[in-house]
Amino acid sequence: MSQRRVRSRQGNRVGSLGSLRELNRRQVLRTLGEAGPVSRAEVARRTGLSRSTVSSLVAELQSAGLVVEAEGAQREAPSDQGGRPGVLIALDRSAGVAAGIDFGHRHLRVAVADLAHTILAEAVTDREPDARAEADLDTAVRLFDRVLAEAGADREQVLGIGMGLPAPIDAASGTVGATALLPGWVAVRAGEELGHRIGLPVLVDNDANLGALAEWTWGAGRDCTELAYIKVSSGIGAGLVLGGRLFRGASGTAGEIGHITVDESGPVCRCGNRGCLEVVAGAPAILELLRPVRGPGLTLRDVLEMSAAGDQATRRVLADAGRQIGIALANLCNLFNPERVVVGGQLGQAGEVLLDPMREAVGRGAISTAAEAATIVAGRLGERAELLGALALVLREPDRFLPTEHDDAVPPAPLRRVGT
């Protein structure tokens with residue numbers, strides 16, 4: 001064999017080893033981005049890498065200024081095999097910050113967080129449901145700059161921005177996939193437009209998907225590989241985690257449970273159909289039923305407070321809404337067989353008044369094995385779940401934004417969750 005061929009094979013092997021090490025570095029960065037402060041042993045468990053490999057990679061990342069020992073963080077308890085508690089490590093706060101922007105039907109929330117998962121600043125303002133994209137984006141930029149200033153950061157420190165919209169997002173084009181649901185954003189490439197205005201990379205997803213991502217990462221959906229997150233607010237939507245991955249469908253419209261027909265002669269929905277779940281059990285429908293008996297100025301927050309205080313009219317209407325949602329959810333359970341259903345959004349705060357009728361409807365309407373497998377629980381992150389999910393888009397994949405040795409050597413892996 002010629003010396004040239006030997007050198008060529010040796011060069012390929014060195015290149016392969018370099019690519020493998022770069023892939024492992026990215027795995028460590030992603031684990032720290034997802035989990036926040038953890039021990040080296042926990043990083044090894046989540047990634048499947050050996051402890052010695054993790055220690056070596058962490059040392060490299062520390063030298064590069066990307067990873068630090070977490071100051072003030074509690075040490076991990078000793079393992080069953082004994083030994084000293086592990087020192088917790090985290091992405092260096094000075095390596096940058098992440099921003100999240102959540103466009104709801106009637107609100108706009110913006111937050112900035114460091115890479116150790118600490119929210120540094122946050123703000124919220126009202127928005128009109130049919131506002132034009134240009135006006136919405138201009139407001140988002142102003143709020144972003146304000147929050148960034150409150151966090152003591154500047155745009156150069158922002159690694160990326162996650163953005164959520166209350167409509168399906170076409171993955172190929174980045175545009176709103178169902179224009180009737182967000183008419184002011186027709187043909188707008190949401191991420192590109194915000195990116196042009198701010199000069200930073202922007203990742204965009206549907207708001208229910210982001211709620212699922214947040215509850216899956218930090219909330220009531222932890223430890224699940226099959227999860228359905230149901231956002232119940234002005235609209236109703238679902239975010240699905242299947243096989244440990246967010247499931248968006250072929251064109252981004254997976255999970256639009258709010259537009260399942262539950263009453264063919266019901267009111268016309270904004271999507272153009274009649275009797276969708278959203279127009280029967282969403283917040284506007286609940287308020288329409290209660291305002292004649294509880295006053296024209298009744299708000300959804302009033303409804304929740306009155307229900308908690310025992311008001312029978314509000315509790316009855318919320319229970320009826322839960323029953324309707326449960327009928328649609330039974331179909332979803334039959335199709336996707338989730339192990340946990342997390343109910344979020346503003347109406348998710350109604351608690352058992354909403355959840356008990358939902359469980360009963362799923363028990364009646366779903367195949368017994370599907371109904372028994374699906375534990376239905378309230379979300380832990382409240383109205384901020386979608387905003388936290390927007391942050392998680394960036395925090396879970398810091399290797400997309402942080403410098404590495406061979407930045408183009410390994411393409412980003414699919415969004416995933418490893419371990420707990």
# chains A, B, ... in the order shown; residues from 1 in each chain; ligands from 1
$ select_by_dssp --residues "range 112-158 of chain A" --states "alpha helix (DSSP H)" --output "number ranges by chain"
A: 133-150
$ residues_around --residues "Asn209 in chain A" --least-positions-apart "5" --cutoff "12 Å" --atoms "only C-alpha atoms" --output "ChimeraX atom specification"
/A:102,163-169,204,214-216,227-231,237-242,245-249,252-256,344,385-390,392-393
$ atom_distance --atom1 "CA of Gly348 in chain A" --atom2 "CA of Gly221 in chain A"
14.6 Å
$ atom_distance --atom1 "CA of Leu88 in chain A" --atom2 "CA of Arg46 in chain A"
14.5 Å
$ closest_atom_pairs --of "range 234-277 of chain A" --to "range 105-111 of chain A" --cutoff "12 Å" --atoms "only C-alpha atoms" --output "CSV"
residue,atom,partner,partner_atom,distance
A:Ser234,CA,A:His105,CA,6.7
A:Gly235,CA,A:His105,CA,7.7
A:Ile236,CA,A:His105,CA,10.9
